[in-house]
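J.: Here you go, model17.pdb (PDB, C-alpha atoms, pLDDT in the B column):
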```
ATOM      1  CA  GLU A  22       3.967 -28.169 -23.809  1.00 64.00           C
ATOM      2  CA  ARG A  23       4.761 -31.761 -24.837  1.00 73.00           C
ATOM      3  CA  ARG A  24       7.855 -31.613 -22.648  1.00 73.00           C
ATOM      4  CA  ALA A  25       5.748 -30.333 -19.719  1.00 70.00           C
ATOM      5  CA  MET A  26       7.775 -27.142 -19.477  1.00 74.00           C
ATOM      6  CA  ILE A  27       4.765 -24.858 -19.711  1.00 74.00           C
ATOM      7  CA  ALA A  28       1.245 -24.924 -18.260  1.00 79.00           C
ATOM      8  CA  ILE A  29      -1.724 -23.342 -20.011  1.00 76.00           C
ATOM      9  CA  GLN A  30      -4.620 -21.936 -18.024  1.00 71.00           C
ATOM     10  CA  ALA A  31      -7.534 -22.813 -20.277  1.00 69.00           C
ATOM     11  CA  GLY A  32     -11.148 -21.655 -20.247  1.00 61.00           C
ATOM     12  CA  ARG A  33     -10.402 -18.032 -21.131  1.00 59.00           C
ATOM     13  CA  SER A  34     -10.339 -16.161 -24.414  1.00 59.00           C
ATOM     14  CA  ASP A  35      -6.836 -14.955 -23.549  1.00 63.00           C
ATOM     15  CA  SER A  36      -5.336 -18.168 -22.224  1.00 65.00           C
ATOM     16  CA  VAL A  37      -2.485 -17.667 -19.789  1.00 71.00           C
ATOM     17  CA  VAL A  38       0.741 -19.568 -20.435  1.00 71.00           C
ATOM     18  CA  ARG A  39       3.065 -20.094 -17.489  1.00 73.00           C
ATOM     19  CA  LEU A  40       6.272 -22.010 -16.946  1.00 76.00           C
ATOM     20  CA  ALA A  41       5.507 -25.256 -15.168  1.00 74.00           C
ATOM     21  CA  GLN A  42       8.337 -24.614 -12.707  1.00 73.00           C
ATOM     22  CA  PRO A  43       9.741 -21.179 -11.693  1.00 76.00           C
ATOM     23  CA  LEU A  44      13.213 -22.716 -11.853  1.00 77.00           C
ATOM     24  CA  TYR A  45      12.869 -22.978 -15.632  1.00 72.00           C
ATOM     25  CA  GLY A  46      12.573 -19.201 -15.805  1.00 73.00           C
ATOM     26  CA  ASP A  47      15.673 -18.698 -13.680  1.00 74.00           C
ATOM     27  CA  VAL A  48      17.663 -20.959 -15.999  1.00 77.00           C
ATOM     28  CA  LEU A  49      16.378 -19.252 -19.148  1.00 75.00           C
ATOM     29  CA  ARG A  50      17.085 -15.771 -17.795  1.00 74.00           C
ATOM     30  CA  SER A  51      20.599 -16.710 -16.760  1.00 77.00           C
ATOM     31  CA  GLU A  52      21.372 -17.832 -20.301  1.00 78.00           C
ATOM     32  CA  LEU A  53      19.972 -14.758 -22.058  1.00 80.00           C
ATOM     33  CA  PRO A  54      22.336 -11.999 -23.184  1.00 80.00           C
ATOM     34  CA  LEU A  55      21.645  -8.701 -21.410  1.00 83.00           C
ATOM     35  CA  LEU A  56      20.205  -6.807 -24.379  1.00 88.00           C
ATOM     36  CA  ARG A  57      18.044  -9.756 -25.424  1.00 87.00           C
ATOM     37  CA  ARG A  58      16.710 -10.087 -21.890  1.00 86.00           C
ATOM     38  CA  ARG A  59      15.832  -6.395 -21.740  1.00 89.00           C
ATOM     39  CA  ALA A  60      14.118  -6.548 -25.123  1.00 92.00           C
ATOM     40  CA  LEU A  61      11.978  -9.466 -23.974  1.00 90.00           C
ATOM     41  CA  GLN A  62      11.102  -7.725 -20.707  1.00 91.00           C
ATOM     42  CA  LEU A  63       9.933  -4.648 -22.586  1.00 93.00           C
ATOM     43  CA  ARG A  64       7.954  -6.814 -25.007  1.00 94.00           C
ATOM     44  CA  LEU A  65       6.236  -8.552 -22.103  1.00 92.00           C
ATOM     45  CA  ALA A  66       5.444  -5.197 -20.520  1.00 95.00           C
ATOM     46  CA  GLU A  67       3.940  -3.894 -23.755  1.00 95.00           C
ATOM     47  CA  THR A  68       1.903  -7.064 -24.232  1.00 93.00           C
ATOM     48  CA  VAL A  69       0.350  -6.874 -20.768  1.00 93.00           C
ATOM     49  CA  ALA A  70      -0.170  -3.105 -21.098  1.00 94.00           C
ATOM     50  CA  ALA A  71      -2.432  -3.766 -24.082  1.00 94.00           C
ATOM     51  CA  ARG A  72      -4.977  -5.497 -21.837  1.00 89.00           C
ATOM     52  CA  SER A  73      -8.180  -3.696 -20.993  1.00 89.00           C
ATOM     53  CA  PRO A  74      -8.865  -3.161 -18.227  1.00 91.00           C
ATOM     54  CA  LEU A  75      -5.532  -3.367 -16.467  1.00 93.00           C
ATOM     55  CA  THR A  76      -5.556  -4.721 -12.930  1.00 95.00           C
ATOM     56  CA  PRO A  77      -3.208  -3.569 -10.145  1.00 96.00           C
ATOM     57  CA  ASP A  78      -1.392  -6.894 -10.501  1.00 95.00           C
ATOM     58  CA  ASP A  79      -0.911  -6.143 -14.206  1.00 95.00           C
ATOM     59  CA  ALA A  80       0.510  -2.744 -13.282  1.00 97.00           C
ATOM     60  CA  LEU A  81       2.954  -4.394 -10.900  1.00 97.00           C
ATOM     61  CA  ARG A  82       4.104  -6.900 -13.525  1.00 95.00           C
ATOM     62  CA  ILE A  83       4.645  -4.116 -16.029  1.00 96.00           C
ATOM     63  CA  ALA A  84       6.567  -2.087 -13.441  1.00 97.00           C
ATOM     64  CA  ARG A  85       8.836  -4.998 -12.571  1.00 96.00           C
ATOM     65  CA  TRP A  86       9.638  -5.729 -16.206  1.00 95.00           C
ATOM     66  CA  ARG A  87      10.239  -2.110 -17.155  1.00 96.00           C
ATOM     67  CA  LEU A  88      12.464  -1.462 -14.146  1.00 96.00           C
ATOM     68  CA  ALA A  89      14.443  -4.631 -14.845  1.00 93.00           C
ATOM     69  CA  ALA A  90      14.907  -3.448 -18.425  1.00 93.00           C
ATOM     70  CA  GLY A  91      16.141  -0.042 -17.264  1.00 93.00           C
ATOM     71  CA  SER A  92      13.008   1.719 -18.499  1.00 95.00           C
ATOM     72  CA  GLU A  93      10.611   4.153 -16.840  1.00 95.00           C
ATOM     73  CA  VAL A  94       7.240   3.050 -15.453  1.00 96.00           C
ATOM     74  CA  PRO A  95       4.352   5.043 -16.987  1.00 95.00           C
ATOM     75  CA  ASP A  96       2.927   7.546 -14.517  1.00 95.00           C
ATOM     76  CA  GLY A  97      -0.568   6.141 -14.921  1.00 95.00           C
ATOM     77  CA  LEU A  98       0.516   2.757 -13.572  1.00 97.00           C
ATOM     78  CA  LEU A  99       2.598   3.875 -10.615  1.00 97.00           C
ATOM     79  CA  LEU A 100      -0.076   4.146  -7.928  1.00 97.00           C
ATOM     80  CA  ASP A 101      -1.655   0.792  -8.790  1.00 97.00           C
ATOM     81  CA  ALA A 102       1.799  -0.795  -8.858  1.00 97.00           C
ATOM     82  CA  VAL A 103       2.661   0.672  -5.441  1.00 98.00           C
ATOM     83  CA  GLY A 104      -0.553  -0.690  -3.964  1.00 97.00           C
ATOM     84  CA  ALA A 105      -0.049  -4.127  -5.486  1.00 97.00           C
ATOM     85  CA  ALA A 106       3.569  -4.310  -4.318  1.00 97.00           C
ATOM     86  CA  THR A 107       2.528  -3.294  -0.802  1.00 97.00           C
ATOM     87  CA  GLY A 108      -0.178  -5.950  -0.883  1.00 96.00           C
ATOM     88  CA  THR A 109       2.354  -8.652  -1.737  1.00 96.00           C
ATOM     89  CA  GLY A 110       4.694  -7.550   1.035  1.00 96.00           C
ATOM     90  CA  ASP A 111       7.388  -6.267  -1.333  1.00 97.00           C
ATOM     91  CA  PHE A 112       7.740  -3.031   0.602  1.00 97.00           C
ATOM     92  CA  GLU A 113      11.147  -2.162  -0.834  1.00 97.00           C
ATOM     93  CA  LEU A 114       9.786  -2.136  -4.380  1.00 97.00           C
ATOM     94  CA  ALA A 115       6.608  -0.401  -3.228  1.00 98.00           C
ATOM     95  CA  ALA A 116       8.644   2.386  -1.627  1.00 98.00           C
ATOM     96  CA  ARG A 117      10.808   2.713  -4.742  1.00 97.00           C
ATOM     97  CA  LEU A 118       7.728   3.066  -6.922  1.00 98.00           C
ATOM     98  CA  GLY A 119       6.067   5.365  -4.388  1.00 97.00           C
ATOM     99  CA  GLU A 120       9.052   7.701  -4.458  1.00 97.00           C
ATOM    100  CA  ARG A 121       8.808   7.809  -8.253  1.00 97.00           C
ATOM    101  CA  ALA A 122       5.084   8.551  -8.028  1.00 97.00           C
ATOM    102  CA  LEU A 123       5.747  11.419  -5.646  1.00 97.00           C
ATOM    103  CA  ALA A 124       8.577  12.766  -7.785  1.00 97.00           C
ATOM    104  CA  THR A 125       6.392  12.765 -10.903  1.00 96.00           C
ATOM    105  CA  GLY A 126       3.806  14.983  -9.206  1.00 96.00           C
ATOM    106  CA  LEU A 127       1.059  12.513  -8.353  1.00 97.00           C
ATOM    107  CA  GLY A 128       0.394  14.453  -5.179  1.00 96.00           C
ATOM    108  CA  LEU A 129      -1.425  13.357  -2.067  1.00 97.00           C
ATOM    109  CA  PRO A 130      -2.330   9.855  -3.327  1.00 97.00           C
ATOM    110  CA  ALA A 131       1.369   9.232  -3.939  1.00 98.00           C
ATOM    111  CA  SER A 132       2.269  10.445  -0.448  1.00 98.00           C
ATOM    112  CA  ILE A 133      -0.300   8.113   1.112  1.00 98.00           C
ATOM    113  CA  ALA A 134       0.833   5.150  -0.975  1.00 98.00           C
ATOM    114  CA  LEU A 135       4.505   5.795  -0.203  1.00 98.00           C
ATOM    115  CA  ALA A 136       3.777   6.153   3.509  1.00 98.00           C
ATOM    116  CA  ARG A 137       1.922   2.834   3.542  1.00 97.00           C
ATOM    117  CA  ALA A 138       4.898   1.133   1.909  1.00 98.00           C
ATOM    118  CA  LEU A 139       7.377   2.717   4.317  1.00 98.00           C
ATOM    119  CA  SER A 140       5.247   1.830   7.318  1.00 97.00           C
ATOM    120  CA  GLY A 141       4.949  -1.743   6.078  1.00 96.00           C
ATOM    121  CA  ALA A 142       8.736  -1.877   5.921  1.00 97.00           C
ATOM    122  CA  GLY A 143       8.967  -0.716   9.536  1.00 96.00           C
ATOM    123  CA  ARG A 144      10.109   2.761   8.508  1.00 97.00           C
ATOM    124  CA  ASP A 145       7.427   4.691  10.375  1.00 98.00           C
ATOM    125  CA  GLU A 146       9.665   7.721  10.999  1.00 98.00           C
ATOM    126  CA  ASP A 147      10.151   8.079   7.240  1.00 98.00           C
ATOM    127  CA  ALA A 148       6.429   7.527   6.658  1.00 98.00           C
ATOM    128  CA  GLU A 149       5.576  10.280   9.138  1.00 98.00           C
ATOM    129  CA  GLN A 150       7.980  12.670   7.421  1.00 98.00           C
ATOM    130  CA  VAL A 151       6.309  12.017   4.057  1.00 98.00           C
ATOM    131  CA  LEU A 152       2.838  12.522   5.520  1.00 98.00           C
ATOM    132  CA  ALA A 153       3.814  15.632   7.480  1.00 98.00           C
ATOM    133  CA  GLU A 154       5.123  17.258   4.306  1.00 98.00           C
ATOM    134  CA  ALA A 155       1.875  16.397   2.528  1.00 98.00           C
ATOM    135  CA  GLU A 156      -0.465  17.748   5.225  1.00 97.00           C
ATOM    136  CA  PRO A 157      -1.082  21.137   3.533  1.00 96.00           C
ATOM    137  CA  ALA A 158      -2.561  19.273   0.548  1.00 96.00           C
ATOM    138  CA  ALA A 159      -4.962  17.219   2.676  1.00 96.00           C
ATOM    139  CA  ALA A 160      -7.465  19.926   3.588  1.00 94.00           C
ATOM    140  CA  GLY A 161     -10.509  19.547   1.369  1.00 92.00           C
ATOM    141  CA  ALA A 162      -8.897  16.844  -0.767  1.00 95.00           C
ATOM    142  CA  PRO A 163     -10.903  13.763  -1.849  1.00 94.00           C
ATOM    143  CA  GLU A 164      -8.193  11.651  -0.220  1.00 95.00           C
ATOM    144  CA  ALA A 165      -8.358  13.512   3.119  1.00 96.00           C
ATOM    145  CA  LEU A 166      -9.928  10.615   4.982  1.00 94.00           C
ATOM    146  CA  ALA A 167      -7.409   8.118   3.578  1.00 95.00           C
ATOM    147  CA  TYR A 168      -4.618  10.514   4.545  1.00 97.00           C
ATOM    148  CA  LEU A 169      -5.976  10.849   8.053  1.00 96.00           C
ATOM    149  CA  ALA A 170      -6.347   7.088   8.452  1.00 94.00           C
ATOM    150  CA  GLN A 171      -2.785   6.444   7.306  1.00 97.00           C
ATOM    151  CA  ARG A 172      -1.224   9.141   9.445  1.00 97.00           C
ATOM    152  CA  VAL A 173      -3.123   8.152  12.593  1.00 95.00           C
ATOM    153  CA  HIS A 174      -1.979   4.589  11.939  1.00 95.00           C
ATOM    154  CA  VAL A 175       1.645   5.724  11.703  1.00 97.00           C
ATOM    155  CA  LEU A 176       1.534   8.081  14.684  1.00 96.00           C
ATOM    156  CA  TYR A 177      -0.513   5.889  16.987  1.00 93.00           C
ATOM    157  CA  TRP A 178       0.362   2.292  16.206  1.00 92.00           C
ATOM    158  CA  GLY A 179       3.699   2.836  14.501  1.00 95.00           C
ATOM    159  CA  LEU A 180       5.326   5.511  16.667  1.00 96.00           C
ATOM    160  CA  SER A 181       3.163   5.557  19.837  1.00 93.00           C
ATOM    161  CA  ARG A 182       2.805   9.339  19.567  1.00 94.00           C
ATOM    162  CA  VAL A 183      -0.705   9.615  20.954  1.00 92.00           C
ATOM    163  CA  GLN A 184      -0.616  13.350  21.628  1.00 94.00           C
ATOM    164  CA  GLU A 185       0.586  14.087  18.099  1.00 96.00           C
ATOM    165  CA  ALA A 186      -2.240  11.977  16.703  1.00 95.00           C
ATOM    166  CA  ARG A 187      -4.749  13.925  18.801  1.00 94.00           C
ATOM    167  CA  ALA A 188      -3.228  17.205  17.655  1.00 96.00           C
ATOM    168  CA  LEU A 189      -3.609  16.034  14.051  1.00 97.00           C
ATOM    169  CA  LEU A 190      -7.317  15.410  14.615  1.00 96.00           C
ATOM    170  CA  ALA A 191      -7.671  18.888  16.114  1.00 96.00           C
ATOM    171  CA  ARG A 192      -6.034  20.466  13.063  1.00 96.00           C
ATOM    172  CA  ALA A 193      -8.187  18.360  10.761  1.00 96.00           C
ATOM    173  CA  GLU A 194     -11.385  19.902  12.153  1.00 94.00           C
ATOM    174  CA  GLY A 195     -10.996  22.748   9.674  1.00 92.00           C
ATOM    175  CA  TRP A 196     -10.477  20.535   6.648  1.00 93.00           C
ATOM    176  CA  SER A 197     -14.173  20.224   5.851  1.00 89.00           C
ATOM    177  CA  PRO A 198     -17.409  21.869   7.079  1.00 86.00           C
ATOM    178  CA  GLU A 199     -19.458  18.736   6.404  1.00 87.00           C
ATOM    179  CA  SER A 200     -21.163  16.983   9.311  1.00 86.00           C
ATOM    180  CA  ASP A 201     -19.953  13.627   7.976  1.00 91.00           C
ATOM    181  CA  TRP A 202     -16.397  14.837   8.365  1.00 93.00           C
ATOM    182  CA  THR A 203     -17.032  15.775  11.996  1.00 91.00           C
ATOM    183  CA  ARG A 204     -18.428  12.308  12.644  1.00 91.00           C
ATOM    184  CA  GLU A 205     -15.334  10.726  11.109  1.00 91.00           C
ATOM    185  CA  LEU A 206     -13.101  12.767  13.397  1.00 93.00           C
ATOM    186  CA  ASP A 207     -15.201  11.769  16.398  1.00 91.00           C
ATOM    187  CA  SER A 208     -14.813   8.136  15.395  1.00 89.00           C
ATOM    188  CA  TRP A 209     -11.050   8.510  15.221  1.00 90.00           C
ATOM    189  CA  ARG A 210     -11.069  10.131  18.640  1.00 90.00           C
ATOM    190  CA  LEU A 211     -12.791   6.995  19.837  1.00 89.00           C
ATOM    191  CA  VAL A 212      -9.946   4.982  18.361  1.00 87.00           C
ATOM    192  CA  LEU A 213      -7.422   7.086  20.262  1.00 88.00           C
ATOM    193  CA  SER A 214      -9.301   7.051  23.565  1.00 84.00           C
ATOM    194  CA  GLY A 215     -10.939   3.628  23.453  1.00 62.00           C
ATOM    195  CA  PHE A 216      -7.954   1.726  24.845  1.00 48.00           C
ATOM    196  CA  ALA A 217      -7.324   1.404  28.551  1.00 32.00           C
ATOM    197  CA  VAL A 218      -3.543   1.029  28.319  1.00 40.00           C
ATOM    198  CA  ALA A 219      -0.670   2.540  26.384  1.00 42.00           C
ATOM    199  CA  VAL A 220      -0.308   2.004  22.665  1.00 41.00           C
ATOM    200  CA  GLU A 221       2.830  -0.069  23.050  1.00 41.00           C
ATOM    201  CA  ASP A 222       0.847  -2.596  25.112  1.00 39.00           C
ATOM    202  CA  HIS A 223      -1.358  -3.496  22.174  1.00 36.00           C
ATOM    203  CA  VAL A 224      -0.691  -6.019  19.450  1.00 33.00           C
ATOM    204  CA  HIS A 225       0.242  -4.130  16.281  1.00 37.00           C
ATOM    205  CA  GLY A 226      -1.949  -4.849  13.289  1.00 39.00           C
ATOM    206  CA  GLY A 227      -3.992  -7.682  14.760  1.00 37.00           C
ATOM    207  CA  GLY A 228      -6.520  -8.064  17.547  1.00 36.00           C
ATOM    208  CA  ARG A 229      -6.329  -5.489  20.288  1.00 36.00           C
ATOM    209  CA  ALA A 230      -6.318  -7.812  23.261  1.00 35.00           C
ATOM    210  CA  ARG A 231      -4.412  -6.291  26.180  1.00 34.00           C
ATOM    211  CA  ALA A 232      -0.872  -7.589  26.334  1.00 34.00           C
ATOM    212  CA  GLY A 233       0.005  -9.655  29.340  1.00 36.00           C
ATOM    213  CA  ASP A 234      -3.383  -9.883  31.063  1.00 39.00           C
ATOM    214  CA  GLY A 235      -5.194 -12.330  28.758  1.00 36.00           C
ATOM    215  CA  GLN A 236      -8.343 -10.189  28.700  1.00 40.00           C
ATOM    216  CA  ALA A 237     -10.520  -9.924  25.625  1.00 38.00           C
ATOM    217  CA  PRO A 238     -10.989  -6.494  24.061  1.00 40.00           C
ATOM    218  CA  SER A 239     -13.752  -4.364  25.501  1.00 40.00           C
ATOM    219  CA  GLU A 240     -16.776  -3.333  23.453  1.00 41.00           C
ATOM    220  CA  ALA A 241     -15.222   0.087  22.881  1.00 40.00           C
ATOM    221  CA  GLU A 242     -12.000  -1.537  21.681  1.00 43.00           C
ATOM    222  CA  MET A 243     -13.879  -3.749  19.260  1.00 42.00           C
ATOM    223  CA  ARG A 244     -15.819  -0.786  17.892  1.00 42.00           C
ATOM    224  CA  SER A 245     -12.560   1.095  17.467  1.00 45.00           C
ATOM    225  CA  GLU A 246     -10.985  -1.846  15.665  1.00 48.00           C
ATOM    226  CA  GLU A 247     -13.988  -2.196  13.379  1.00 48.00           C
ATOM    227  CA  HIS A 248     -13.786   1.479  12.514  1.00 48.00           C
ATOM    228  CA  THR A 249     -10.075   1.267  11.764  1.00 46.00           C
ATOM    229  CA  SER A 250     -10.638  -1.730   9.479  1.00 50.00           C
ATOM    230  CA  GLU A 251     -13.498   0.051   7.738  1.00 48.00           C
ATOM    231  CA  LEU A 252     -11.409   3.130   7.020  1.00 45.00           C
ATOM    232  CA  GLN A 253      -8.468   1.066   5.803  1.00 48.00           C
ATOM    233  CA  SER A 254     -10.819  -0.837   3.499  1.00 49.00           C
ATOM    234  CA  HIS A 255     -12.201   2.469   2.242  1.00 45.00           C
ATOM    235  CA  HIS A 256      -8.661   3.612   1.473  1.00 44.00           C
ATOM    236  CA  ASP A 257      -7.875   0.368  -0.379  1.00 47.00           C
TER     237      ASP A 257
END
```
What's the structure tokens form of this structure?

T.:
Amino acid sequence: ERRAMIAIQAGRSDSVVRLAQPLYGDVLRSELPLLRRRALQLRLAETVAARSPLTPDDALRIARWRLAAGSEVPDGLLLDAVGAATGTGDFELAARLGERALATGLGLPASIALARALSGAGRDEDAEQVLAEAEPAAAGAPEALAYLAQRVHVLYWGLSRVQEARALLARAEGWSPESDWTRELDSWRLVLSGFAVAVEDHVHGGGRARAGDGQAPSEAEMRSEEHTSELQSHHD
């Protein structure tokens, strides 16, 4: 601390100590023997794992350290780590963790998380394959709405397969007898029909202004966009 190599975030019972410059860490790591480096990474992972409660960012830190040390990531941290990695834009790591989550039997939530990571990486074909294989598990599942939101996103905005997205909504009618479920499907139909031009003419992921004509979105488009954002927030 006297040499200004570390910075301490005060004002908390568990004060956080960080290197003042990331470059210091790169230098230290480069000088550590392999086994010593792995031992320290595992120690850091165990230290953070002792926190309660653990945040998704904590789960991601633990996952990074354990993977770097050649160790397995605990199953209970995988989904949070996938979500945190996706949120930071590290889609390659998110997909790697998502594949592990799926392989360990974490089911539909793992499929959704992996598909989000793959879609974020521009691998919508792979995301659709993951979601298609998971469809039998979606009917009646607590994550059915999140599954539907992710797959419509992939089919419609990622792959421009409007008819396949509509067919998905038709199949999903039998997933739940609840009136709320029917209203959700109707809202998604609005998303699919509320645009006046083809999917590829819309800006992906941002505002839905029509490409090339400078027009603002219509009221129906704005309602559709609000609904999409609401469902994505619900999934998060």

J.: Given the PyMOL selection byres ((chain A and resi 152) around 7) and the file above, list the residues it selects as JSON, numbers by chain.

T.: {"A": [132, 133, 136, 148, 149, 150, 151, 153, 154, 155, 156, 172]}

J.: Please save C-alpha atoms of the selected residues as a PDB file, keeping the file's coordinate frame.

T.:
```pdb
ATOM      1  CA  SER A 132       2.269  10.445  -0.448  1.00 98.00           C
ATOM      2  CA  ILE A 133      -0.300   8.113   1.112  1.00 98.00           C
ATOM      3  CA  ALA A 136       3.777   6.153   3.509  1.00 98.00           C
ATOM      4  CA  ALA A 148       6.429   7.527   6.658  1.00 98.00           C
ATOM      5  CA  GLU A 149       5.576  10.280   9.138  1.00 98.00           C
ATOM      6  CA  GLN A 150       7.980  12.670   7.421  1.00 98.00           C
ATOM      7  CA  VAL A 151       6.309  12.017   4.057  1.00 98.00           C
ATOM      8  CA  ALA A 153       3.814  15.632   7.480  1.00 98.00           C
ATOM      9  CA  GLU A 154       5.123  17.258   4.306  1.00 98.00           C
ATOM     10  CA  ALA A 155       1.875  16.397   2.528  1.00 98.00           C
ATOM     11  CA  GLU A 156      -0.465  17.748   5.225  1.00 97.00           C
ATOM     12  CA  ARG A 172      -1.224   9.141   9.445  1.00 97.00           C
TER      13      ARG A 172
END
```

J.: Do a neighbour search on stretch 105-120 of chain A at 12 Å with all atoms listed in the file, toss out local chain neighbours closer than 5 positions, and write the hits as a ChimeraX atom specification.

T.: /A:76-85,87-89,93-100,125-144,147-148,151,257

J.: Applying 12 Å and all atoms listed in the file, which residues near A:Leu189 remain after dropping the ones on its own chain fewer than 2 positions away? List them as a VMD selection string.

T.: chain A and resid 149 152 to 153 156 to 157 159 to 160 168 to 177 182 to 187 191 to 196 206 209 to 210 213

J.: Would you please work out which residue, of A:Leu180, A:Ala60, A:Ile27, A:Val212, is nearest to A:Gly91 when using all atoms listed in the file?

T.: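 Checking each candidate against A:Gly91, we get A:Ala60 as the closest.
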
J.: When the PyMOL selection byres ((chain A and resi 26) around 9) is applied to the file above, which residues end up in the set, as a ChimeraX atom specification?

T.: /A:22-25,27-28,39-42,45

J.: Produce the centre coordinates and the three edge lengths, each in Å to one decimal, of the box along x, y and z that contains all listed atoms of stretch 172-180 of chain A with 3 Å added on each side, as JSON.

T.:
```
{"center_x": 1.1, "center_y": 5.7, "center_z": 13.2, "size_x": 14.4, "size_y": 12.8, "size_z": 13.5}
```
